file data19.txt (compact mmCIF, C-alpha atoms)
# COMPACT_ATOMS: atom_id res chain seq x y z
CA MET Z 101 101.64 82.80 113.91
CA ASN Z 102 100.52 86.33 113.07
CA ARG Z 103 96.91 86.86 112.14
CA SER Z 104 96.48 85.41 108.68
CA GLN Z 105 96.04 87.77 105.77
CA ALA Z 106 93.53 85.45 104.11
CA ASN Z 107 89.91 86.10 105.04
CA SER Z 108 89.38 82.40 105.40
CA VAL Z 109 86.31 81.48 107.38
CA PHE Z 110 86.15 77.75 106.92
CA SER Z 111 89.75 76.84 107.57
CA SER Z 112 89.43 77.87 111.19
CA ASN Z 113 89.12 74.17 111.97
CA VAL Z 114 92.89 74.03 111.52
CA VAL Z 115 94.68 74.52 114.81
CA PRO Z 116 98.00 76.23 114.18
CA ILE Z 117 100.95 74.67 115.95
CA PRO Z 118 102.52 77.55 117.84
CA THR Z 119 106.12 77.98 116.87
CA ALA Z 120 108.27 78.40 119.96
CA SER Z 121 109.56 81.93 119.83
CA ALA Z 122 112.49 82.95 121.98
CA ARG Z 123 111.58 86.61 121.71
CA LEU Z 124 108.50 88.63 122.36
CA MET Z 125 106.85 89.65 119.09
CA VAL Z 126 104.60 92.65 118.71
CA CYS Z 127 102.36 92.97 115.71
CA GLU Z 128 102.63 96.69 115.28
CA PRO Z 129 105.82 98.53 114.41
CA ASN Z 130 107.02 100.78 117.21
CA HIS Z 131 106.92 104.28 115.78
CA ASP Z 132 106.87 107.23 118.13
CA TRP Z 133 104.78 109.23 115.72
CA ARG Z 134 102.26 106.40 115.61
CA TYR Z 135 100.95 106.97 119.15
CA ALA Z 136 100.42 110.67 118.53
CA VAL Z 137 98.75 110.01 115.19
CA ILE Z 138 96.42 107.29 116.46
CA ASN Z 139 95.38 109.42 119.43
CA ARG Z 140 94.59 112.31 117.12
CA LEU Z 141 92.73 110.08 114.65
CA GLU Z 142 90.64 108.75 117.54
CA GLN Z 143 89.61 112.30 118.30
CA LEU Z 144 88.84 113.14 114.69
CA VAL Z 145 86.61 110.13 113.97
CA GLN Z 146 84.63 110.91 117.11
CA LEU Z 147 83.96 114.56 116.32
CA ASP Z 148 80.31 115.53 116.64
CA ARG Z 149 78.41 116.39 113.49
CA GLY Z 150 78.50 120.16 113.09
CA TRP Z 151 81.82 120.32 114.97
CA ASP Z 152 82.81 123.34 112.85
CA GLY Z 153 79.70 125.33 113.64
CA TYR Z 154 78.20 124.43 110.28
CA ASN Z 155 77.48 120.92 109.03
CA GLY Z 156 80.97 119.45 109.43
CA GLN Z 157 81.18 115.67 109.55
CA PRO Z 158 83.63 113.65 111.63
CA VAL Z 159 86.61 112.21 109.76
CA SER Z 160 85.40 108.95 108.25
CA PHE Z 161 86.77 105.71 109.65
CA GLU Z 162 87.94 104.59 106.21
CA ASN Z 163 89.84 107.85 105.65
CA ALA Z 164 91.45 107.58 109.09
CA ALA Z 165 92.45 103.95 108.44
CA PHE Z 166 93.86 104.82 105.03
CA ALA Z 167 95.75 107.83 106.43
CA LEU Z 168 97.47 105.60 108.99
CA ARG Z 169 98.55 103.12 106.30
CA MET Z 170 99.75 106.02 104.15
CA LEU Z 171 101.83 107.43 107.00
CA GLU Z 172 103.42 104.03 107.57
CA ALA Z 173 104.59 104.20 103.97
CA VAL Z 174 105.81 107.78 104.33
CA CYS Z 175 107.32 108.20 107.80
CA SER Z 176 110.47 106.58 109.11
CA PRO Z 177 110.30 105.39 112.73
CA ASP Z 178 111.87 108.59 114.03
CA ALA Z 179 109.94 111.03 111.81
CA ASP Z 180 108.30 114.08 113.32
CA PRO Z 181 104.60 113.51 114.01
CA PRO Z 182 102.49 115.53 111.58
CA GLN Z 183 99.55 117.75 112.45
CA LEU Z 184 96.17 116.26 111.54
CA VAL Z 185 93.41 118.68 110.58
CA PRO Z 186 89.82 117.56 109.92
CA GLY Z 187 87.98 118.59 106.77
CA SER Z 188 84.26 119.25 106.77
CA SER Z 189 83.31 116.28 104.56
CA GLY Z 190 84.91 113.40 106.43
CA ASP Z 191 88.27 114.12 104.79
CA LEU Z 192 91.46 115.17 106.58
CA GLN Z 193 94.68 117.01 105.98
CA ILE Z 194 98.08 115.88 107.23
CA GLU Z 195 100.65 118.63 107.61
CA TRP Z 196 104.28 119.27 108.49
CA HIS Z 197 105.50 122.82 108.91
CA THR Z 198 109.24 123.18 109.49
CA PHE Z 199 111.91 125.80 108.97
CA LYS Z 200 112.70 124.08 105.66
CA GLY Z 201 109.20 124.18 104.25
CA ASP Z 202 105.62 122.91 104.39
CA ILE Z 203 104.00 119.64 103.34
CA GLU Z 204 100.26 119.05 103.13
CA LEU Z 205 98.62 115.73 102.29
CA HIS Z 206 94.89 116.00 101.71
CA VAL Z 207 93.21 112.59 102.14
CA LEU Z 208 90.00 112.97 100.12
CA ALA Z 209 89.21 109.24 100.19
CA PRO Z 210 91.13 105.95 100.19
CA ASN Z 211 93.39 105.96 97.10
CA ARG Z 212 92.72 109.71 96.54
CA VAL Z 213 95.37 111.98 98.03
CA HIS Z 214 96.45 115.45 96.93
CA ALA Z 215 100.02 116.17 98.05
CA TRP Z 216 101.63 119.61 98.11
CA ARG Z 217 105.02 120.83 99.23
CA GLN Z 218 106.63 124.23 99.34
CA LEU Z 219 110.26 124.68 100.32
CA VAL Z 220 111.52 127.89 101.90
CA GLY Z 221 113.04 129.91 99.07
CA GLY Z 222 111.58 127.53 96.49
CA ASP Z 223 108.98 127.95 93.79
CA GLU Z 224 106.05 130.13 94.90
CA ASP Z 225 103.43 127.58 93.90
CA GLY Z 226 105.27 124.62 95.36
CA ASP Z 227 105.02 121.06 94.05
CA SER Z 228 101.71 119.22 93.69
CA LEU Z 229 100.96 115.55 93.14
CA ASP Z 230 97.75 113.53 92.92
CA LEU Z 231 98.48 110.13 94.45
CA THR Z 232 96.70 106.82 94.98
CA ILE Z 233 98.70 104.16 96.85
CA ASP Z 234 102.34 104.84 95.99
CA PHE Z 235 103.77 107.48 98.32
CA GLY Z 236 107.46 107.10 97.54
CA SER Z 237 107.74 110.73 96.41
CA VAL Z 238 106.13 112.00 99.59
CA ALA Z 239 108.43 109.85 101.72
CA ILE Z 240 111.35 111.73 100.15
CA TRP Z 241 109.63 115.08 100.78
CA VAL Z 242 109.08 114.24 104.43
CA ARG Z 243 112.67 113.15 104.90
CA GLU Z 244 114.03 116.27 103.18
CA THR Z 245 111.71 118.65 104.99
CA THR Z 246 111.65 117.26 108.52
CA GLU Z 247 115.09 115.76 109.11
CA PRO Z 248 117.65 117.98 110.85
CA ASN Z 249 120.27 119.39 108.53
CA LEU Z 250 123.19 117.24 109.71
CA ALA Z 251 125.53 118.64 107.09
CA ALA Z 252 125.17 122.10 108.58
CA ALA Z 253 125.73 121.00 112.17
CA PRO Z 254 129.56 120.79 112.17
CA ALA Z 255 129.80 124.18 110.51
CA ALA Z 256 127.57 125.67 113.17
CA ALA Z 257 129.63 124.06 115.90
CA MET P 263 86.99 85.35 81.34
CA PRO P 264 88.64 82.25 79.80
CA ARG P 265 91.35 80.30 81.62
CA PRO P 266 94.83 81.11 80.21
CA ASP P 267 96.04 78.05 78.25
CA ASP P 268 99.50 78.05 79.80
CA LEU P 269 98.33 78.30 83.40
CA PRO P 270 99.60 75.38 85.54
CA ASP P 271 96.84 72.87 86.22
CA PHE P 272 96.62 70.11 88.84
CA GLY P 273 94.34 67.08 89.02
CA LYS P 274 94.44 66.85 92.82
CA PRO P 275 95.61 70.21 94.16
CA PRO P 276 95.76 70.57 97.96
CA LEU P 277 93.26 73.43 97.70
CA ASN P 278 90.96 73.68 100.71
CA GLU P 279 89.43 77.13 100.40
CA VAL P 280 89.22 80.06 97.96
CA VAL P 281 88.17 83.61 98.87
CA LEU P 282 87.32 86.43 96.46
CA GLY P 283 86.65 89.82 97.98
CA VAL P 284 86.43 93.57 97.59
CA GLN P 285 86.45 96.49 99.99
CA PHE P 286 84.50 99.63 99.14
CA SER P 287 83.56 103.00 100.60
CA PRO P 288 80.53 102.69 102.90
CA PRO P 289 77.54 103.35 100.62
CA LYS P 290 75.39 106.42 101.15
CA GLY P 291 72.08 105.69 102.79
CA TYR P 292 73.09 102.24 104.01
CA GLN P 293 72.46 101.46 107.67
CA GLN P 294 72.75 98.11 109.35
CA VAL P 295 68.98 97.92 109.73
CA ARG P 296 68.91 97.26 105.96
CA VAL P 297 71.02 94.11 106.09
CA GLY P 298 67.88 92.00 105.77
CA ASP P 299 67.29 93.59 102.35
CA VAL P 300 70.85 92.70 101.34
CA TRP P 301 70.30 89.10 102.49
CA LYS P 302 67.16 88.94 100.34
CA LEU P 303 69.38 89.48 97.27
CA PHE P 304 71.12 86.16 97.96
CA LYS P 305 68.72 84.28 100.20
CA ALA P 306 67.46 81.83 97.58
CA ASP P 307 70.92 80.24 97.31
CA TYR P 308 72.23 81.22 100.75
CA PRO P 309 69.38 80.58 103.19
CA LEU P 310 71.41 80.53 106.43
CA VAL P 311 72.78 83.59 108.20
CA GLN P 312 75.32 84.23 110.96
CA GLU P 313 76.63 87.43 112.58
CA HIS P 314 80.33 88.05 113.15
CA GLN P 315 82.67 90.83 114.13
CA ALA P 316 83.48 93.16 111.25
CA LEU P 317 86.78 92.97 109.40
CA GLU P 318 88.99 96.02 109.78
CA PRO P 319 89.83 98.14 106.75
CA ALA P 320 92.88 96.82 104.87
CA PHE P 321 94.98 98.92 102.52
CA GLU P 322 98.21 98.13 100.75
CA THR P 323 100.32 101.28 100.49
CA PHE P 324 103.84 101.84 99.20
CA GLY P 325 106.74 104.14 99.92
CA LEU P 326 109.42 103.41 102.46
CA PRO P 327 110.45 99.79 102.98
CA ARG P 328 108.03 98.34 105.51
CA HIS P 329 109.24 97.59 109.02
CA ALA P 330 108.48 94.03 110.10
CA GLN P 331 104.78 94.45 109.83
CA ILE P 332 102.18 92.07 108.53
CA GLY P 333 98.68 93.35 108.98
CA GLY P 334 99.23 95.86 111.77
CA ARG P 335 95.92 96.56 113.44
CA LEU P 336 94.09 99.72 114.20
CA SER P 337 93.01 100.15 117.77
CA PHE P 338 90.58 103.01 117.37
CA VAL P 339 86.91 102.68 116.67
CA SER P 340 84.30 105.13 115.51
CA GLY P 341 80.79 105.41 116.86
CA ALA P 342 78.39 102.64 115.92
CA MET P 343 80.10 99.43 114.83
CA HIS P 344 78.69 97.39 111.99
CA ASP P 345 78.69 93.62 111.99
CA ARG P 346 79.81 91.19 109.31
CA PHE P 347 77.16 88.79 108.11
CA TRP P 348 77.67 85.35 106.63
CA PHE P 349 75.01 84.15 104.20
CA LEU P 350 75.58 80.41 103.89
CA ARG P 351 74.50 77.69 101.49
CA SER P 352 72.67 74.82 103.14
CA THR P 353 75.36 72.48 101.75
CA GLY P 354 77.98 74.38 103.76
CA ASP P 355 80.50 74.62 100.94
CA GLU P 356 80.01 78.29 100.04
CA LEU P 357 79.16 81.55 101.73
CA ILE P 358 78.92 85.26 101.08
CA GLN P 359 80.37 87.64 103.66
CA PHE P 360 78.88 91.12 103.79
CA GLN P 361 79.54 94.18 105.91
CA GLN P 362 79.06 97.87 105.15
CA ASP P 363 82.39 98.10 103.31
CA ARG P 364 83.08 94.51 102.20
CA LEU P 365 81.71 91.72 100.05
CA LEU P 366 83.51 88.38 99.97
CA HIS P 367 82.69 84.98 98.53
CA ASN P 368 84.21 81.83 100.07
CA TRP P 369 84.29 78.26 98.76
CA ARG P 370 85.71 75.32 100.70
CA LYS P 371 86.03 71.58 100.75
CA VAL P 372 83.59 69.91 103.10
CA GLY P 373 82.73 66.47 104.45
CA ASP P 374 85.00 63.83 102.97
CA GLN P 375 86.87 66.60 101.11
CA THR P 376 85.81 65.30 97.70
CA ASN P 377 83.48 68.11 96.60
CA GLU P 378 84.76 69.56 93.36
CA TYR P 379 86.21 73.10 93.26
CA PRO P 380 83.89 75.01 90.92
CA ARG P 381 87.00 76.56 89.31
CA PHE P 382 87.95 80.19 89.38
CA GLU P 383 86.12 81.25 86.20
CA GLN P 384 82.77 80.12 87.56
CA MET P 385 83.40 81.58 91.02
CA ALA P 386 84.51 84.90 89.52
CA ALA P 387 81.43 85.10 87.28
CA ARG P 388 79.15 84.51 90.27
CA PHE P 389 81.03 86.99 92.44
CA LYS P 390 80.69 89.63 89.73
CA GLU P 391 76.94 89.00 89.60
CA GLU P 392 76.75 89.35 93.38
CA LEU P 393 78.58 92.68 93.22
CA GLN P 394 76.21 93.88 90.51
CA GLN P 395 73.20 92.80 92.57
CA LEU P 396 74.55 94.68 95.58
CA GLU P 397 75.25 97.77 93.50
CA SER P 398 71.73 97.72 92.05
CA PHE P 399 70.31 97.54 95.57
CA LEU P 400 72.49 100.44 96.76
CA VAL P 401 71.39 102.60 93.84
CA GLY P 402 67.90 102.32 95.31
CA LEU P 403 69.14 103.93 98.51
CA SER P 404 70.97 106.81 96.89
CA PRO P 405 72.23 107.60 93.37
CA GLN P 406 75.67 105.96 93.56
CA VAL P 407 77.93 103.18 92.37
CA LEU P 408 80.20 100.94 94.39
CA VAL P 409 83.50 102.71 94.96
CA ILE P 410 85.90 99.80 95.31
CA ASN P 411 89.27 100.63 96.87
CA GLN P 412 90.85 97.20 97.49
CA CYS P 413 90.46 93.71 96.03
CA GLU P 414 91.70 90.39 97.31
CA LEU P 415 91.96 86.78 96.35
CA SER P 416 93.15 83.99 98.65
CA TYR P 417 93.96 80.35 97.93
CA ILE P 418 94.27 78.28 101.09
CA ASN P 419 95.98 74.92 100.67
CA HIS P 420 96.22 72.09 103.20
CA ILE P 421 99.12 69.71 102.62
CA GLU P 422 98.95 66.56 104.74
CA ILE P 423 102.38 65.76 106.18
CA GLY P 424 102.01 62.85 108.62
CA ASP P 425 103.52 62.64 112.09
CA GLU P 426 107.24 62.57 111.27
CA PRO P 427 109.36 65.73 111.38
CA VAL P 428 108.51 67.73 108.29
CA ASP P 429 111.13 68.60 105.71
CA PRO P 430 110.00 71.82 104.00
CA ALA P 431 112.29 70.98 101.06
CA VAL P 432 110.00 68.08 100.14
CA TRP P 433 107.26 70.57 99.28
CA PHE P 434 108.94 73.92 98.68
CA ARG P 435 111.83 74.72 96.37
CA GLY P 436 114.80 76.39 97.99
CA VAL P 437 113.60 75.93 101.57
CA SER P 438 116.39 73.69 102.72
CA LEU P 439 117.16 73.35 106.41
CA ALA P 440 119.81 70.68 106.02
CA GLY P 441 120.03 68.43 109.03
CA VAL P 442 117.29 70.17 110.98
CA LYS P 443 114.52 67.81 112.03
CA THR P 444 111.78 70.40 111.84
CA GLU P 445 108.94 69.85 114.28
CA ASP P 446 107.05 72.90 113.09
CA PHE P 447 107.71 76.11 111.23
CA ASN P 448 106.10 79.34 110.14
CA ILE P 449 107.09 81.38 107.09
CA GLY P 450 105.75 84.73 105.90
CA ILE P 451 106.80 86.37 102.64
CA ARG P 452 105.47 89.46 100.89
CA GLU P 453 106.02 90.32 97.25
CA VAL P 454 105.04 93.57 95.54
CA ILE P 455 102.66 93.17 92.60
CA ARG P 456 103.47 95.66 89.86
CA ASP P 457 101.66 96.91 86.78
CA ASN P 458 103.89 98.65 84.24
CA GLY P 459 106.48 99.03 86.96
CA HIS P 460 104.13 100.68 89.45
CA PRO P 461 103.14 98.92 92.69
CA VAL P 462 99.47 97.98 92.76
CA GLY P 463 99.32 95.39 95.52
CA ARG P 464 101.08 92.60 97.35
CA LEU P 465 101.19 88.84 97.12
CA ILE P 466 101.40 87.45 100.63
CA TYR P 467 102.71 83.94 101.24
CA GLU P 468 102.00 82.27 104.57
CA ILE P 469 103.17 78.75 105.35
CA ALA P 470 102.65 77.20 108.78
CA THR P 471 102.23 73.82 110.38
CA GLY P 472 98.81 73.02 111.83
CA VAL P 473 96.47 70.23 112.82
CA ARG P 474 93.21 69.40 111.01
CA ASP P 475 91.00 66.55 112.11
CA ALA P 476 93.87 65.16 114.23
CA LYS P 477 96.18 65.12 111.20
CA ARG P 478 99.19 67.35 110.77
CA VAL P 479 98.99 69.68 107.79
CA LEU P 480 100.97 72.47 106.23
CA VAL P 481 98.63 75.41 105.72
CA PHE P 482 99.84 77.30 102.67
CA ASN P 483 97.99 80.57 102.04
CA LEU P 484 98.54 82.77 99.02
CA THR P 485 96.74 86.14 99.14
CA ALA P 486 96.84 88.79 96.42
CA ARG P 487 95.55 92.14 97.64
CA GLY P 488 95.69 95.64 96.22
CA ALA P 489 93.97 98.52 94.53
CA PRO P 490 92.10 98.11 91.25
CA SER P 491 93.06 100.43 88.38
CA ALA P 492 89.66 102.15 88.76
CA SER P 493 86.95 101.88 91.40
CA ASP P 494 84.30 100.05 89.33
CA ILE P 495 83.33 96.38 89.35
CA ASP P 496 85.01 95.52 86.03
CA SER P 497 88.34 96.91 87.21
CA ALA P 498 88.03 94.99 90.48
CA MET P 499 87.41 91.77 88.58
CA GLN P 500 90.47 92.46 86.42
CA PHE P 501 92.60 92.76 89.56
CA VAL P 502 91.16 89.52 90.92
CA ALA P 503 91.85 87.73 87.63
CA LYS P 504 95.41 89.00 87.59
CA GLY P 505 95.82 87.92 91.19
CA ARG P 506 94.58 84.43 90.35
CA GLU P 507 97.06 84.07 87.52
CA LEU P 508 99.90 85.23 89.74
CA ILE P 509 98.89 82.94 92.61
CA VAL P 510 98.63 79.84 90.41
CA ARG P 511 101.95 80.53 88.66
CA ARG P 512 103.77 81.24 91.93
CA PHE P 513 102.25 78.14 93.53
CA ALA P 514 103.68 76.00 90.74
CA GLU P 515 107.02 77.83 90.78
CA ILE P 516 107.77 77.51 94.47
CA THR P 517 106.57 73.94 95.01
CA THR P 518 108.69 70.94 94.06
CA GLU P 519 108.32 68.46 91.22
CA GLY P 520 107.80 65.74 93.83
CA ALA P 521 104.87 67.68 95.21
CA HIS P 522 103.51 68.18 91.69
CA LYS P 523 103.47 64.40 91.23
CA VAL P 524 101.41 64.01 94.39
CA TRP P 525 99.01 66.71 93.17
CA GLU P 526 98.91 65.25 89.62
CA ARG P 527 100.15 68.26 87.68
CA ARG P 528 98.80 68.24 84.10
CA THR P 529 100.29 71.37 82.52

call {"tool": "encode", "arguments": {"input": "data19.txt", "output": "structure tokens"}}
result
Amino acid sequence: MNRSQANSVFSSNVVPIPTASARLMVCEPNHDWRYAVINRLEQLVQLDRGWDGYNGQPVSFENAAFALRMLEAVCSPDADPPQLVPGSSGDLQIEWHTFKGDIELHVLAPNRVHAWRQLVGGDEDGDSLDLTIDFGSVAIWVRETTEPNLAAAPAAA
Amino acid sequence: MPRPDDLPDFGKPPLNEVVLGVQFSPPKGYQQVRVGDVWKLFKADYPLVQEHQALEPAFETFGLPRHAQIGGRLSFVSGAMHDRFWFLRSTGDELIQFQQDRLLHNWRKVGDQTNEYPRFEQMAARFKEELQQLESFLVGLSPQVLVINQCELSYINHIEIGDEPVDPAVWFRGVSLAGVKTEDFNIGIREVIRDNGHPVGRLIYEIATGVRDAKRVLVFNLTARGAPSASDIDSAMQFVAKGRELIVRRFAEITTEGAHKVWERRT
């Protein structure tokens, strides 16, 4: 049985009967980008105070945890890992820069994300969204901006 | 917060435990050395204390369809770790859980399992008071309010099933494993909770066989978790109330009429 989602404390006197599983289960989804992102988040939450030469704070644990959950909602398993850039107030910015355009997700706090995208040849100001927990629009942006242009491949060949 | 008239009601529900909780941004000025001051807020009714490992942050987010993941865990840690504290009633039937970013209130059946559930309305009113007490304390540390980012409500049911192979169809509608003499099973389901069409959280169903006091039981957990419409206490309580209504309705919808007879359904 996976770890229960209920924060039960008393019902721990129930011993779960392990269901015989013929396959090895892992709790976490296997995303290549995930390893790179978690390693980078580990670095960012352990930054020293004043890391920027001023009074910069490390990325807060809650912002890092939220960013990871947000990326799980945004990135397909084979998505390109984004760049993670610390802010000076415990916030962080998540960025993709490709030949198709740029995406920046500024995690100000859990449930407070400013998203921006600019496509090459597109509107000068780009597109902006203020988001909370629904990142469906950004998932489309990431797919459009980071996936290889398969339609163009045969023509190039 | 009155009980909706049309909400299903049971005389003898298999309810074993109820948990109300919120997660918030770590308050400014709070350090673990101040946990004794937090305990003082509740100590008159909760005179016992225990230390436990902190719960990890939990967020429900939406976008791409999720990939076979229930509660994936973070493996990184940051600097000093804070503990989770249990403040317990001497009767053992209720406790408050506190850590730097969480407050939860648990009720359970104890002893011969006959202690009466105080009902959701009463539990919710007390939990709201506890949140207000905590917020008032935190204001003394720094001008601030609680910034609540997730809420949760769990109903944990224990259904006694005896020693024979269990037929899930006896208890749950549409779970028919014709001919299979089920020794044990484990089911997990997640449903998106929406408000005006927008996702705001998830209802998580967990059903598994277990053993309690040498008796076989089906543990049936229903957890509603998600983001409140705003970060204040009133909005959090609205989410919890909506979660309660959803949990009770779904409980009645997915369990069988035979089960309802055992649990003495009234409405």

call {"tool": "atom_distance", "arguments": {"input": "data19.txt", "atom1": "atom CA of Glu279 of chain P", "atom2": "atom CA of Trp369 of chain P"}}
result
5.5 Å

call {"tool": "axis_aligned_box", "arguments": {"input": "data19.txt", "around": "segment 281-291 of chain P", "padding_each_side": "4 Å", "output": "AutoDock Vina command-line options"}}
result
--center_x 80.1 --center_y 95.0 --center_z 99.7 --size_x 24.1 --size_y 30.8 --size_z 14.4

call {"tool": "closest_residue", "arguments": {"input": "data19.txt", "among": "Z:Pro181, Z:Gly221, Z:Gly150, Z:Gly236", "to": "chain P", "atoms": "all atoms listed in the file"}}
result
Z:Gly236

call {"tool": "residues_around", "arguments": {"input": "data19.txt", "residues": "Ser188 of chain Z", "least_positions_apart": "3", "cutoff": "7 Å", "atoms": "all atoms listed in the file", "output": "PyMOL selection string"}}
result
chain Z and resi 156-157+191

call {"tool": "residues_near_point", "arguments": {"input": "data19.txt", "point": "(101.3, 101.5, 91.5)", "cutoff": "10 Å", "atoms": "all atoms listed in the file", "output": "JSON, numbers by chain"}}
result
{"Z": [231, 232, 233, 234, 235], "P": [323, 324, 454, 455, 456, 457, 458, 459, 460, 461, 462, 463, 488, 489, 490, 491]}

call {"tool": "closest_residue", "arguments": {"input": "data19.txt", "among": "Z:Leu192, Z:Leu171, Z:Ile203, Z:Phe161", "to": "Gln146 of chain Z", "atoms": "all atoms listed in the file"}}
result
Z:Phe161

call {"tool": "residues_near_point", "arguments": {"input": "data19.txt", "point": "(111.4, 68.4, 93.9)", "cutoff": "7 Å", "atoms": "all atoms listed in the file", "output": "PyMOL selection string"}}
result
chain P and resi 432+435+518-521

call {"tool": "closest_residue", "arguments": {"input": "data19.txt", "among": "Z:Ser237, Z:Gly153, Z:Gln183, Z:Asp230", "to": "chain P", "atoms": "all atoms listed in the file"}}
result
Z:Ser237

call {"tool": "residues_around", "arguments": {"input": "data19.txt", "residues": "Gln105 of chain Z", "least_positions_apart": "5", "cutoff": "10 Å", "atoms": "only C-alpha atoms", "output": "VMD selection string"}}
result
chain P and resid 320 332 to 333 414 416 466 to 468 483 to 487

call {"tool": "write_last_selection", "arguments": {"input": "data19.txt", "atoms": "C-alpha atoms", "output": "CSV table (one decimal), in the coordinates of the input"}}
result
chain,number,residue,atom,x,y,z
P,320,ALA,CA,92.9,96.8,104.9
P,332,ILE,CA,102.2,92.1,108.5
P,333,GLY,CA,98.7,93.4,109.0
P,414,GLU,CA,91.7,90.4,97.3
P,416,SER,CA,93.2,84.0,98.6
P,466,ILE,CA,101.4,87.4,100.6
P,467,TYR,CA,102.7,83.9,101.2
P,468,GLU,CA,102.0,82.3,104.6
P,483,ASN,CA,98.0,80.6,102.0
P,484,LEU,CA,98.5,82.8,99.0
P,485,THR,CA,96.7,86.1,99.1
P,486,ALA,CA,96.8,88.8,96.4
P,487,ARG,CA,95.6,92.1,97.6

call {"tool": "closest_residue", "arguments": {"input": "data19.txt", "among": "Z:Leu147, Z:Val174, Z:Val242, Z:Ala215", "to": "chain P", "atoms": "only C-alpha atoms"}}
result
Z:Val174

call {"tool": "atom_distance", "arguments": {"input": "data19.txt", "atom1": "atom CA of Val213 of chain Z", "atom2": "atom CA of Leu282 of chain P"}}
result
26.8 Å

call {"tool": "residues_around", "arguments": {"input": "data19.txt", "residues": "segment 418-427 of chain P", "least_positions_apart": "4", "cutoff": "6 Å", "atoms": "all atoms listed in the file", "output": "list in words"}}
result
Pro276, Leu277, Asn278, Glu279, Lys443, Thr444, Glu445, Arg478, Val479, Leu480, Val481, Phe482 and Asn483 of chain P

call {"tool": "residues_around", "arguments": {"input": "data19.txt", "residues": "Leu184 of chain Z", "least_positions_apart": "5", "cutoff": "12 Å", "atoms": "only C-alpha atoms", "output": "short mmCIF file (atom, residue, chain, number, x, y, z; two decimals) with C-alpha atoms, in the coordinates of the input"}}
result
data_model
loop_
_atom_site.label_atom_id
_atom_site.label_comp_id
_atom_site.auth_asym_id
_atom_site.auth_seq_id
_atom_site.Cartn_x
_atom_site.Cartn_y
_atom_site.Cartn_z
CA TRP Z 133 104.78 109.23 115.72
CA ALA Z 136 100.42 110.67 118.53
CA VAL Z 137 98.75 110.01 115.19
CA ILE Z 138 96.42 107.29 116.46
CA ASN Z 139 95.38 109.42 119.43
CA ARG Z 140 94.59 112.31 117.12
CA LEU Z 141 92.73 110.08 114.65
CA GLU Z 142 90.64 108.75 117.54
CA GLN Z 143 89.61 112.30 118.30
CA LEU Z 144 88.84 113.14 114.69
CA VAL Z 145 86.61 110.13 113.97
CA VAL Z 159 86.61 112.21 109.76
CA ALA Z 164 91.45 107.58 109.09
CA ALA Z 167 95.75 107.83 106.43
CA LEU Z 168 97.47 105.60 108.99
CA LEU Z 171 101.83 107.43 107.00
CA ASP Z 191 88.27 114.12 104.79
CA LEU Z 192 91.46 115.17 106.58
CA GLN Z 193 94.68 117.01 105.98
CA ILE Z 194 98.08 115.88 107.23
CA GLU Z 195 100.65 118.63 107.61
CA TRP Z 196 104.28 119.27 108.49
CA HIS Z 197 105.50 122.82 108.91
CA ILE Z 203 104.00 119.64 103.34
CA GLU Z 204 100.26 119.05 103.13
CA LEU Z 205 98.62 115.73 102.29
CA HIS Z 206 94.89 116.00 101.71
CA VAL Z 207 93.21 112.59 102.14
#

call {"tool": "atom_distance", "arguments": {"input": "data19.txt", "atom1": "atom CA of Val510 of chain P", "atom2": "atom CA of Leu366 of chain P"}}
result
19.8 Å

call {"tool": "closest_residue", "arguments": {"input": "data19.txt", "among": "Z:Glu172, Z:Asp227, Z:Asp178, Z:Asp152", "to": "chain P", "atoms": "only C-alpha atoms"}}
result
Z:Glu172
